[in-house]
Amino acid sequence: SINELTAQSAEQCVKYAAQFMQYSDLWEADVKRAFDVFLRPPVQEALDDDETMEMSNPKSPAPGDLDEKNEFFCVPLDNFDAQITKYEKMLEKVRELPPSLPPPEVRSWLRIDSKPIRESLKDCCVKWIDTYTGYIIDKIESELESHYAFIEEVDEGLDEEISDGPDGEDALRRVLKLVRDCRVRDVTTRAMFEPIARGIQILRQHPKSVSDKQVGHLDELRKEAPDKWTSLMKKVFHVRSGNGARQDQEAMLIKGRALEMEEQVLTFRMSFKTLRPFMYEIGVEEAYSELVRWNGILNEKEQAANALNNLQELFDLTPTELTELRECRQELCLLKQLWDLVGSVQSQFADWMQQAFKDMSADDLIEDAKKMQKQMKSMPLKVKSTGTFNGLETAVKDMLTTLPLVVELRNPAMRERHW
C-alpha cells in the first residue's frame, strides 16, 4: 500500500541521514575554539590524599610551563600528526558516502541528491586539516623569515666602523647591543632547528593535504638557517674580540658612573625620607601635589638607573643594585594609599559635621568609625610609623570618643537645666 511504501521510504531516509549525522562535529564545533584548546589543553590537577587524577577546574598552562621539547609548536608534533590523520581518514569516508538515495540505477518515486551535502562535508574536513597543517606551515615560515631578517640586520650592523675617541662611543654601543642580542637568542635559535625539521617531516607525510611545492619551499628555507647562524655567531665573536681594548676602556668609565649613581641615590634617599606627605598636618591637597612632584623625580632617577644597568649589561658588568630606589617607590605607593584613606575619612567627617544634631544617627556613625579603624589596621606595617598614620589614628579615636557624647546629649531625658 501507499502508506507502507511511505513508511519504508521514511525509514530509509532516516538511516541515510544517519550516515551524514555521524560527522556532525565537523560543522557544529567551532574550529578556532577547538584549535585553541588543542594548543593549550587543560592540565590535570592532583587531588588530595593520593586520589585518582581527574580533570578538575581545567586551566591552560602558561607559555613558561611548556617543556623545551614542545614549546616551539606549543604541543608535541605527534598530536598534530594524529589530528591531521584523523581528518584525512574522515575525508576519505565522506567521499565513499552514497551520492544519492536510492542509488542512481534504481528507479523510485523518492530520490535524495546528497552531492551538495557531501561537498560541504568535504570542505569541512579540508578546513579542519588546513587549520592544523596551516599552523605548522605559518609557524615555520614566520620563524625562519624572522630568523633571516635578524641575521641580515645584525650582519650589517656588525660592519659599522668604530672610530677612536668620543665619536666612536655610540657606534661601539650599537655594535655591543647587537652582540648582546645574539647572545640572548643563541640558545633558543639553535633549539628551534630540530622541531622545524621534524615539522617539515610531518607535513611530508601528508601529501594529499600539503603540496610538494609547499614542503619544498619550507625545506629550502630551513637548509641554510643553521649554517648562517653559526657563521653569524663566529662573526660576533671576532667583532667583540677586535674591540676588546675599547670595550675595557668604556667599561672603566661606566664603573665610575655607577659609583656616582650610588652616591646620588643615597643622597636622594635621605631627601625622600623628609617628604612632607609623611606629616599629617599638611592636608590632602598639598600631600597629593607633593606626591605627584616626587613621583616625577623618582621616575627620572629610575630611568637613569635603567639606562646605567643596560650599559652594564652591554659591557658584561655586574648591574648595580640600587635598592634605595625600590624602597622609595614602595614607600611612595604606600603613601598614596594612606592619603587616599585620609581623604576618604576626612570627607566623611566633613559630611557628618553638616548633619543636623537632632537628625543624626550617632550609632550608625560609630559603626562607620569602627570600620575606619579596621581599614587602618589592615594598612602595611611600614606606614604605621609615619606621622600621617598617627595623625589619622588620633582623628578617628577622637571621633569615637565624641560620638558617644552625642548619643548622651540626644537622650530624651535631657532637659534645658542639664545644659
# chains A, B, ... in the order shown; residues from 1 in each chain; ligands from 1

call {"tool": "residues_around", "arguments": {"residues": "stretch 312-315 of chain A", "least_positions_apart": "6", "cutoff": "7 Å", "atoms": "only C-alpha atoms", "output": "PyMOL selection string"}}
result
chain A and resi 176-177+180+247+251

call {"tool": "residues_around", "arguments": {"residues": "A:Phe38", "least_positions_apart": "2", "cutoff": "10 Å", "atoms": "only C-alpha atoms", "output": "MDAnalysis selection string"}}
result
chainID A and resid 32:36 40:42 74:75 79:80 83 132

call {"tool": "select_by_dssp", "arguments": {"residues": "stretch 70-205 of chain A", "states": "helix (DSSP H, G or I)", "output": "ChimeraX atom specification"}}
result
/A:77-95,115-158,166-204

call {"tool": "residues_around", "arguments": {"residues": "A:Arg118", "least_positions_apart": "4", "cutoff": "8 Å", "atoms": "only C-alpha atoms", "output": "list in words"}}
result
Val94, Arg95, Leu97, Pro99, Ser114 and Lys122 of chain A

call {"tool": "write_last_selection", "arguments": {"atoms": "C-alpha atoms", "output": "compact mmCIF listing (two decimals), in the first residue's frame"}}
result
# COMPACT_ATOMS: atom_id res chain seq x y z
CA VAL A 94 32.93 11.15 3.34
CA ARG A 95 33.96 10.57 -0.27
CA LEU A 97 29.21 8.07 1.10
CA PRO A 99 25.76 10.15 -3.73
CA SER A 114 23.34 14.21 -1.43
CA LYS A 122 34.50 17.51 2.30

call {"tool": "atom_distance", "arguments": {"atom1": "atom CA of A:Glu302", "atom2": "atom CA of A:Leu341"}}
result
27.1 Å

call {"tool": "residues_around", "arguments": {"residues": "A:Lys127", "least_positions_apart": "6", "cutoff": "12 Å", "atoms": "only C-alpha atoms", "output": "PyMOL selection string"}}
result
chain A and resi 26-27+29-32+35+84+87-88+91+120-121+133-134+209

call {"tool": "residues_around", "arguments": {"residues": "A:Val215", "least_positions_apart": "6", "cutoff": "12 Å", "atoms": "only C-alpha atoms", "output": "ChimeraX atom specification"}}
result
/A:133-134,136-138,140-141,196-209,221-222

call {"tool": "write_last_selection", "arguments": {"atoms": "C-alpha atoms", "output": "PDB file, in the first residue's frame"}}
result
ATOM      1  CA  THR A 133      48.784  21.982   8.672  1.00  0.00           C
ATOM      2  CA  GLY A 134      48.471  25.746   8.208  1.00  0.00           C
ATOM      3  CA  ILE A 136      52.773  24.319  11.233  1.00  0.00           C
ATOM      4  CA  ILE A 137      53.478  25.952   7.870  1.00  0.00           C
ATOM      5  CA  ASP A 138      52.898  29.504   9.135  1.00  0.00           C
ATOM      6  CA  ILE A 140      57.935  27.532  10.403  1.00  0.00           C
ATOM      7  CA  GLU A 141      57.729  30.164   7.692  1.00  0.00           C
ATOM      8  CA  ILE A 196      61.365  22.786  12.381  1.00  0.00           C
ATOM      9  CA  ALA A 197      62.930  19.798  10.601  1.00  0.00           C
ATOM     10  CA  ARG A 198      60.516  17.485  12.399  1.00  0.00           C
ATOM     11  CA  GLY A 199      57.566  19.698  11.428  1.00  0.00           C
ATOM     12  CA  ILE A 200      58.545  19.559   7.758  1.00  0.00           C
ATOM     13  CA  GLN A 201      58.840  15.784   8.059  1.00  0.00           C
ATOM     14  CA  ILE A 202      55.285  15.599   9.456  1.00  0.00           C
ATOM     15  CA  LEU A 203      53.960  17.709   6.586  1.00  0.00           C
ATOM     16  CA  ARG A 204      55.737  15.497   4.058  1.00  0.00           C
ATOM     17  CA  GLN A 205      53.828  12.509   5.453  1.00  0.00           C
ATOM     18  CA  HIS A 206      50.555  14.079   4.288  1.00  0.00           C
ATOM     19  CA  PRO A 207      50.999  14.687   0.549  1.00  0.00           C
ATOM     20  CA  LYS A 208      47.228  14.770  -0.046  1.00  0.00           C
ATOM     21  CA  SER A 209      46.862  17.747   2.312  1.00  0.00           C
ATOM     22  CA  LEU A 221      64.203  27.973   3.907  1.00  0.00           C
ATOM     23  CA  ARG A 222      65.381  25.575   6.599  1.00  0.00           C
TER      24      ARG A 222
END

call {"tool": "closest_residue", "arguments": {"among": "A:Ala149, A:Val37, A:Ile162, A:Leu298", "to": "A:Lys228", "atoms": "only C-alpha atoms"}}
result
A:Ala149

call {"tool": "residues_around", "arguments": {"residues": "A:Leu178", "least_positions_apart": "4", "cutoff": "7 Å", "atoms": "only C-alpha atoms", "output": "PyMOL selection string"}}
result
chain A and resi 154+174+182

call {"tool": "atom_distance", "arguments": {"atom1": "atom CA of A:Asn309", "atom2": "atom CA of A:Glu152"}}
result
27.5 Å
